[in-house]
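Chemist: mmCIF, C-alpha atoms; chains and numbers go by the auth columns, saved as my_file.cif, coming up:
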data_start
loop_
_atom_site.group_PDB
_atom_site.id
_atom_site.type_symbol
_atom_site.label_atom_id
_atom_site.label_comp_id
_atom_site.label_asym_id
_atom_site.label_seq_id
_atom_site.Cartn_x
_atom_site.Cartn_y
_atom_site.Cartn_z
_atom_site.B_iso_or_equiv
_atom_site.auth_seq_id
_atom_site.auth_asym_id
ATOM 1 C CA MET A 1 103.744 147.511 32.595 0.00 242 A
ATOM 2 C CA THR A 2 105.233 150.963 32.308 0.00 243 A
ATOM 3 C CA LYS A 3 105.778 153.348 29.408 0.00 244 A
ATOM 4 C CA ILE A 4 108.835 155.244 28.291 0.00 245 A
ATOM 5 C CA TYR A 5 108.431 158.197 25.961 0.00 246 A
ATOM 6 C CA LEU A 6 111.604 158.813 23.964 0.00 247 A
ATOM 7 C CA VAL A 7 111.784 162.359 22.602 0.00 248 A
ATOM 8 C CA ARG A 8 114.292 164.067 20.355 0.00 249 A
ATOM 9 C CA HIS A 9 115.087 167.604 21.523 0.00 250 A
ATOM 10 C CA ALA A 10 113.430 170.589 19.861 0.00 251 A
ATOM 11 C CA GLU A 11 115.204 172.321 17.000 0.00 252 A
ATOM 12 C CA SER A 12 118.400 174.073 18.095 0.00 253 A
ATOM 13 C CA ILE A 13 120.111 177.093 16.583 0.00 254 A
ATOM 14 C CA ALA A 14 122.863 174.880 15.163 0.00 255 A
ATOM 15 C CA ASN A 15 120.204 172.641 13.570 0.00 256 A
ATOM 16 C CA THR A 16 118.942 175.626 11.565 0.00 257 A
ATOM 17 C CA GLN A 17 122.510 176.332 10.404 0.00 258 A
ATOM 18 C CA GLY A 18 123.380 172.774 9.360 0.00 259 A
ATOM 19 C CA ILE A 19 126.185 172.621 11.933 0.00 260 A
ATOM 20 C CA TYR A 20 127.289 169.516 13.826 0.00 261 A
ATOM 21 C CA GLN A 21 126.876 170.060 17.563 0.00 262 A
ATOM 22 C CA GLY A 22 127.980 166.936 19.402 0.00 263 A
ATOM 23 C CA VAL A 23 128.855 167.810 22.983 0.00 264 A
ATOM 24 C CA SER A 24 131.076 170.901 22.719 0.00 265 A
ATOM 25 C CA TYR A 25 129.076 173.083 20.328 0.00 266 A
ATOM 26 C CA ASP A 26 126.093 173.434 22.611 0.00 267 A
ATOM 27 C CA THR A 27 123.477 175.841 21.265 0.00 268 A
ATOM 28 C CA GLY A 28 120.072 176.677 22.692 0.00 269 A
ATOM 29 C CA LEU A 29 116.705 176.283 21.000 0.00 270 A
ATOM 30 C CA SER A 30 115.804 178.203 17.859 0.00 271 A
ATOM 31 C CA PRO A 31 112.644 180.349 17.846 0.00 272 A
ATOM 32 C CA LEU A 32 110.855 177.486 16.093 0.00 273 A
ATOM 33 C CA GLY A 33 112.383 175.022 18.553 0.00 274 A
ATOM 34 C CA LYS A 34 110.873 176.930 21.465 0.00 275 A
ATOM 35 C CA LYS A 35 107.436 176.591 19.856 0.00 276 A
ATOM 36 C CA GLN A 36 108.036 172.875 19.306 0.00 277 A
ATOM 37 C CA ALA A 37 108.955 172.437 22.975 0.00 278 A
ATOM 38 C CA GLN A 38 105.776 174.237 24.005 0.00 279 A
ATOM 39 C CA ALA A 39 103.715 171.997 21.696 0.00 280 A
ATOM 40 C CA LEU A 40 105.380 168.959 23.266 0.00 281 A
ATOM 41 C CA ALA A 41 104.507 170.179 26.761 0.00 282 A
ATOM 42 C CA LYS A 42 100.903 170.711 25.697 0.00 283 A
ATOM 43 C CA ARG A 43 100.798 167.174 24.325 0.00 284 A
ATOM 44 C CA PHE A 44 101.819 165.740 27.686 0.00 285 A
ATOM 45 C CA GLN A 45 99.345 167.786 29.739 0.00 286 A
ATOM 46 C CA GLY A 46 96.912 164.881 29.989 0.00 287 A
ATOM 47 C CA ILE A 47 99.486 162.080 30.086 0.00 288 A
ATOM 48 C CA GLU A 48 100.774 160.672 33.358 0.00 289 A
ATOM 49 C CA ILE A 49 104.506 161.186 33.760 0.00 290 A
ATOM 50 C CA GLY A 50 106.292 160.161 36.942 0.00 291 A
ATOM 51 C CA ASN A 51 109.873 160.882 35.917 0.00 292 A
ATOM 52 C CA ILE A 52 111.749 163.019 33.396 0.00 293 A
ATOM 53 C CA TYR A 53 115.331 162.383 32.307 0.00 294 A
ATOM 54 C CA ALA A 54 117.334 164.449 29.823 0.00 295 A
ATOM 55 C CA SER A 55 120.780 164.756 28.367 0.00 296 A
ATOM 56 C CA PRO A 56 122.458 167.686 30.192 0.00 297 A
ATOM 57 C CA LEU A 57 123.078 169.735 27.030 0.00 298 A
ATOM 58 C CA LYS A 58 121.177 173.000 26.522 0.00 299 A
ATOM 59 C CA ARG A 59 118.929 171.821 23.704 0.00 300 A
ATOM 60 C CA THR A 60 117.778 168.666 25.472 0.00 301 A
ATOM 61 C CA PHE A 61 117.419 170.113 28.957 0.00 302 A
ATOM 62 C CA ALA A 62 115.438 173.132 27.711 0.00 303 A
ATOM 63 C CA THR A 63 113.073 170.834 25.813 0.00 304 A
ATOM 64 C CA ALA A 64 112.514 168.627 28.846 0.00 305 A
ATOM 65 C CA LEU A 65 112.076 171.618 31.122 0.00 306 A
ATOM 66 C CA ASN A 66 109.016 172.748 29.166 0.00 307 A
ATOM 67 C CA VAL A 67 107.311 169.452 29.961 0.00 308 A
ATOM 68 C CA GLY A 68 108.613 169.482 33.523 0.00 309 A
ATOM 69 C CA LYS A 69 106.999 172.850 34.215 0.00 310 A
ATOM 70 C CA VAL A 70 103.620 171.689 32.892 0.00 311 A
ATOM 71 C CA LYS A 71 103.782 168.385 34.787 0.00 312 A
ATOM 72 C CA LYS A 72 105.378 169.942 37.903 0.00 313 A
ATOM 73 C CA THR A 73 108.035 167.246 37.671 0.00 314 A
ATOM 74 C CA PRO A 74 111.786 167.847 38.082 0.00 315 A
ATOM 75 C CA VAL A 75 114.126 167.109 35.177 0.00 316 A
ATOM 76 C CA ASN A 76 116.967 164.742 35.998 0.00 317 A
ATOM 77 C CA LYS A 77 120.190 165.179 34.021 0.00 318 A
ATOM 78 C CA GLU A 78 121.573 161.911 32.653 0.00 319 A
ATOM 79 C CA THR A 79 125.082 162.035 31.158 0.00 320 A
ATOM 80 C CA ALA A 80 124.857 158.481 29.740 0.00 321 A
ATOM 81 C CA ILE A 81 122.442 159.718 27.052 0.00 322 A
ATOM 82 C CA ILE A 82 124.475 162.746 26.017 0.00 323 A
ATOM 83 C CA GLU A 83 125.118 163.147 22.293 0.00 324 A
ATOM 84 C CA THR A 84 127.967 161.203 20.704 0.00 325 A
ATOM 85 C CA ASN A 85 131.257 163.107 20.764 0.00 326 A
ATOM 86 C CA HIS A 86 131.806 164.199 17.156 0.00 327 A
ATOM 87 C CA GLY A 87 135.308 165.500 17.922 0.00 328 A
ATOM 88 C CA GLU A 88 136.668 167.754 15.166 0.00 329 A
ATOM 89 C CA TRP A 89 133.319 167.789 13.390 0.00 330 A
ATOM 90 C CA GLU A 90 131.708 169.833 16.159 0.00 331 A
ATOM 91 C CA GLY A 91 130.993 173.442 15.287 0.00 332 A
ATOM 92 C CA LYS A 92 131.499 172.832 11.550 0.00 333 A
ATOM 93 C CA HIS A 93 128.921 173.014 8.772 0.00 334 A
ATOM 94 C CA LYS A 94 128.089 169.701 7.135 0.00 335 A
ATOM 95 C CA SER A 95 129.407 170.993 3.787 0.00 336 A
ATOM 96 C CA VAL A 96 132.799 171.526 5.417 0.00 337 A
ATOM 97 C CA ILE A 97 132.661 167.996 6.825 0.00 338 A
ATOM 98 C CA GLN A 98 131.895 166.597 3.358 0.00 339 A
ATOM 99 C CA LYS A 99 134.900 168.399 1.846 0.00 340 A
ATOM 100 C CA THR A 100 137.361 167.753 4.689 0.00 341 A
ATOM 101 C CA TRP A 101 136.461 164.136 5.494 0.00 342 A
ATOM 102 C CA PRO A 102 134.660 162.918 2.329 0.00 343 A
ATOM 103 C CA LYS A 103 135.250 159.176 2.878 0.00 344 A
ATOM 104 C CA LEU A 104 134.389 159.319 6.572 0.00 345 A
ATOM 105 C CA TYR A 105 131.272 161.384 5.892 0.00 346 A
ATOM 106 C CA LYS A 106 130.044 158.813 3.351 0.00 347 A
ATOM 107 C CA LYS A 107 130.808 156.036 5.808 0.00 348 A
ATOM 108 C CA TRP A 108 128.770 157.848 8.484 0.00 349 A
ATOM 109 C CA GLN A 109 125.815 157.996 6.121 0.00 350 A
ATOM 110 C CA LYS A 110 125.979 154.295 5.196 0.00 351 A
ATOM 111 C CA PHE A 111 127.961 152.373 7.821 0.00 352 A
ATOM 112 C CA PRO A 112 127.853 154.342 11.099 0.00 353 A
ATOM 113 C CA SER A 113 129.004 151.319 13.098 0.00 354 A
ATOM 114 C CA SER A 114 132.469 151.638 11.546 0.00 355 A
ATOM 115 C CA VAL A 115 132.931 155.363 12.222 0.00 356 A
ATOM 116 C CA HIS A 116 135.416 156.852 14.669 0.00 357 A
ATOM 117 C CA PHE A 117 134.994 160.615 14.822 0.00 358 A
ATOM 118 C CA PRO A 118 138.409 162.331 14.572 0.00 359 A
ATOM 119 C CA GLY A 119 139.317 163.511 18.040 0.00 360 A
ATOM 120 C CA GLY A 120 136.003 162.169 19.314 0.00 361 A
ATOM 121 C CA GLU A 121 134.064 159.007 20.019 0.00 362 A
ATOM 122 C CA ASP A 122 133.892 155.696 18.223 0.00 363 A
ATOM 123 C CA PHE A 123 130.195 155.221 17.414 0.00 364 A
ATOM 124 C CA LEU A 124 130.363 151.680 18.774 0.00 365 A
ATOM 125 C CA GLU A 125 131.483 153.251 22.067 0.00 366 A
ATOM 126 C CA THR A 126 128.409 155.460 21.952 0.00 367 A
ATOM 127 C CA GLN A 127 126.238 152.409 21.366 0.00 368 A
ATOM 128 C CA LYS A 128 127.838 150.540 24.267 0.00 369 A
ATOM 129 C CA ARG A 129 127.304 153.312 26.829 0.00 370 A
ATOM 130 C CA VAL A 130 123.727 153.930 25.688 0.00 371 A
ATOM 131 C CA ILE A 131 122.696 150.267 25.697 0.00 372 A
ATOM 132 C CA THR A 132 124.395 149.673 29.062 0.00 373 A
ATOM 133 C CA TRP A 133 122.382 152.567 30.488 0.00 374 A
ATOM 134 C CA TRP A 134 119.140 151.492 28.744 0.00 375 A
ATOM 135 C CA GLU A 135 119.181 147.931 30.036 0.00 376 A
ATOM 136 C CA LYS A 136 119.722 149.009 33.637 0.00 377 A
ATOM 137 C CA PHE A 137 117.217 151.849 33.249 0.00 378 A
ATOM 138 C CA CYS A 138 114.475 149.453 32.111 0.00 379 A
ATOM 139 C CA GLN A 139 115.156 147.093 35.008 0.00 380 A
ATOM 140 C CA ASP A 140 115.031 149.876 37.614 0.00 381 A
ATOM 141 C CA LEU A 141 112.094 151.780 36.097 0.00 382 A
ATOM 142 C CA THR A 142 109.288 152.932 38.374 0.00 383 A
ATOM 143 C CA GLY A 143 106.427 154.803 36.748 0.00 384 A
ATOM 144 C CA ASP A 144 105.868 156.146 33.236 0.00 385 A
ATOM 145 C CA THR A 145 108.886 158.154 32.169 0.00 386 A
ATOM 146 C CA LEU A 146 109.905 160.788 29.625 0.00 387 A
ATOM 147 C CA VAL A 147 113.443 160.657 28.200 0.00 388 A
ATOM 148 C CA VAL A 148 114.709 163.590 26.122 0.00 389 A
ATOM 149 C CA SER A 149 117.881 162.974 24.170 0.00 390 A
ATOM 150 C CA HIS A 150 119.508 163.267 20.736 0.00 391 A
ATOM 151 C CA VAL A 151 118.522 161.652 17.475 0.00 392 A
ATOM 152 C CA ASN A 152 121.491 159.261 17.250 0.00 393 A
ATOM 153 C CA ILE A 153 121.076 158.191 20.873 0.00 394 A
ATOM 154 C CA LEU A 154 117.381 157.450 20.374 0.00 395 A
ATOM 155 C CA GLN A 155 118.095 155.636 17.109 0.00 396 A
ATOM 156 C CA ILE A 156 120.514 153.357 18.981 0.00 397 A
ATOM 157 C CA ILE A 157 117.768 152.509 21.491 0.00 398 A
ATOM 158 C CA ILE A 158 115.153 151.938 18.790 0.00 399 A
ATOM 159 C CA ALA A 159 117.516 149.652 16.884 0.00 400 A
ATOM 160 C CA LYS A 160 118.114 147.690 20.088 0.00 401 A
ATOM 161 C CA ILE A 161 114.383 147.270 20.751 0.00 402 A
ATOM 162 C CA LEU A 162 113.717 146.164 17.172 0.00 403 A
ATOM 163 C CA ASN A 163 116.791 143.911 17.166 0.00 404 A
ATOM 164 C CA THR A 164 118.053 145.827 14.134 0.00 405 A
ATOM 165 C CA LYS A 165 121.675 146.362 13.119 0.00 406 A
ATOM 166 C CA LEU A 166 123.299 149.665 14.063 0.00 407 A
ATOM 167 C CA ASN A 167 123.927 150.447 10.394 0.00 408 A
ATOM 168 C CA ARG A 168 120.169 150.739 9.867 0.00 409 A
ATOM 169 C CA ILE A 169 119.632 153.678 12.248 0.00 410 A
ATOM 170 C CA TRP A 170 118.967 156.087 9.376 0.00 411 A
ATOM 171 C CA LYS A 171 115.792 154.086 8.719 0.00 412 A
ATOM 172 C CA PHE A 172 114.400 155.830 11.816 0.00 413 A
ATOM 173 C CA PRO A 173 114.260 159.581 11.034 0.00 414 A
ATOM 174 C CA MET A 174 113.018 161.742 13.887 0.00 415 A
ATOM 175 C CA GLN A 175 111.436 165.165 13.855 0.00 416 A
ATOM 176 C CA PRO A 176 112.408 167.574 16.655 0.00 417 A
ATOM 177 C CA THR A 177 110.235 166.696 19.708 0.00 418 A
ATOM 178 C CA ALA A 178 108.877 163.611 17.927 0.00 419 A
ATOM 179 C CA VAL A 179 107.692 160.977 20.410 0.00 420 A
ATOM 180 C CA SER A 180 108.517 157.275 20.294 0.00 421 A
ATOM 181 C CA GLN A 181 106.534 155.270 22.833 0.00 422 A
ATOM 182 C CA ILE A 182 107.968 152.142 24.418 0.00 423 A
ATOM 183 C CA GLU A 183 106.097 149.668 26.603 0.00 424 A
ATOM 184 C CA ILE A 184 108.273 147.993 29.245 0.00 425 A
ATOM 185 C CA ASN A 185 107.248 144.603 30.596 0.00 426 A
ATOM 186 C CA HIS A 186 109.632 142.731 32.923 0.00 427 A
ATOM 187 C CA GLY A 187 112.520 144.846 31.685 0.00 428 A
ATOM 188 C CA GLN A 188 111.810 144.185 27.987 0.00 429 A
ATOM 189 C CA GLY A 189 110.786 146.929 25.589 0.00 430 A
ATOM 190 C CA LYS A 190 108.130 146.898 22.865 0.00 431 A
ATOM 191 C CA LEU A 191 107.853 149.764 20.376 0.00 432 A
ATOM 192 C CA LEU A 192 104.310 151.176 20.227 0.00 433 A
ATOM 193 C CA LYS A 193 104.925 154.445 18.369 0.00 434 A
ATOM 194 C CA LEU A 194 107.848 155.755 16.314 0.00 435 A
ATOM 195 C CA ASN A 195 108.532 159.384 15.394 0.00 436 A
ATOM 196 C CA ASP A 196 105.025 160.551 16.306 0.00 437 A
ATOM 197 C CA ALA A 197 104.975 164.260 15.458 0.00 438 A
ATOM 198 C CA SER A 198 101.185 164.695 15.466 0.00 439 A
ATOM 199 C CA HIS A 199 101.448 167.505 18.038 0.00 440 A
ATOM 200 C CA LEU A 200 103.644 169.623 15.738 0.00 441 A
ATOM 201 C CA GLY A 201 101.383 170.343 12.769 0.00 442 A
ATOM 202 C CA LYS A 202 103.115 173.063 10.737 0.00 443 A
ATOM 203 C CA LEU A 203 106.041 173.139 13.172 0.00 444 A
ATOM 204 C CA GLN A 204 107.721 170.188 11.464 0.00 445 A
ATOM 205 C CA VAL A 205 111.017 170.805 9.662 0.00 446 A
ATOM 206 C CA ASP A 206 112.922 169.511 6.649 0.00 447 A
ATOM 207 C CA LEU A 207 115.436 167.168 8.271 0.00 448 A
ATOM 208 C CA ALA A 208 117.721 167.487 5.230 0.00 449 A
ATOM 209 C CA ASN A 209 118.694 170.926 6.546 0.00 450 A
ATOM 210 C CA HIS A 210 120.050 169.487 9.796 0.00 451 A
ATOM 211 C CA ALA A 211 123.558 168.094 10.303 0.00 452 A
ATOM 212 C CA LEU A 212 122.806 164.563 11.496 0.00 453 A
#
Can you present the structure in this file as structure tokens?
Modeler:
Amino acid sequence: MTKIYLVRHAESIANTQGIYQGVSYDTGLSPLGKKQAQALAKRFQGIEIGNIYASPLKRTFATALNVGKVKKTPVNKETAIIETNHGEWEGKHKSVIQKTWPKLYKKWQKFPSSVHFPGGEDFLETQKRVITWWEKFCQDLTGDTLVVSHVNILQIIIAKILNTKLNRIWKFPMQPTAVSQIEINHGQGKLLKLNDASHLGKLQVDLANHAL
């Protein structure tokens, strides 16, 4: 049996501003986010990690790099777990999204499986690429592994493991650098921990301020 630690990236600058990032509006970590990433690295000091994979965007790679430096393990960039392409939403405050695309915004909050981001990705396309990667990743896995990605990407994986519908992803809120632990046995995943933010203490944030 092997373990996979799924981690949402530390708080980014755009997170603090309530702005949708997607793939094109790629901001670095906020001052608080840098502290969260350091707390995450400290958490993994005594945990065996053989591999680290991260979405190639600034906020995910920087988070993973903090752990990589502590563990003396290189961070592999994995494009299959990059954030969903939010198209015209990227770089805009969530209040602007609510006013410009009110019906689509409500649909995103309640029925994400039916959302196609204007000029961007169909969320079902996001699910397909992530699950295709996940299934192969679990089959090929060697050694306990850390995966740093984005909240929606991790929610897709969690929903898959729990055999839960895609429209229920909002049932799995995730703090920045929260850890979800998966046990892999013969390519099958079992959820052991979800959204474990015990290493953060007072570094936790109000997720309502983020554009998710």
Chemist: Determine the nearest neighbour of A:Ile398 from the options A:Leu382, A:Leu273, A:Leu345, A:Tyr246, counting all atoms listed in the file.
Modeler: A:Tyr246
Chemist: Give me the residues near stretch 315-332 of chain A as an NGL selection string, where near means some atom within 7 Å (using only C-alpha atoms) and where sequence neighbours in that chain fewer than 2 positions away do not count.
Modeler: :A and (260-266 or 293-297 or 305-306 or 309 or 313 or 334 or 338 or 358-362 or 367 or 370-371 or 374 or 390-391 or 394)
Chemist: Going by the chain IDs and residue numbers used in this file, which residues fall under the PyMOL selection byres ((chain A and resi 402) around 10)? Write them as a list in words.
Modeler: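 Output of the PyMOL selection byres ((chain A and resi 402) around 10): Gln396, Ile397, Ile398, Ile399, Ala400, Lys401, Leu403, Asn404, Thr405, Ile423, Gln429, Gly430, Lys431 and Leu432 of chain A.
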Chemist: Point out the residue among A:Thr341, A:Thr373, A:Gln445, A:Thr386 with the least atom-to-atom distance to A:Ala280, counting all atoms listed in the file.
Modeler: A:Gln445
Chemist: Taking only C-alpha atoms into account, which of A:Thr314, A:Thr268, A:Asn408, A:Asn436 comes nearest A:Gln422?
Modeler: A:Asn436
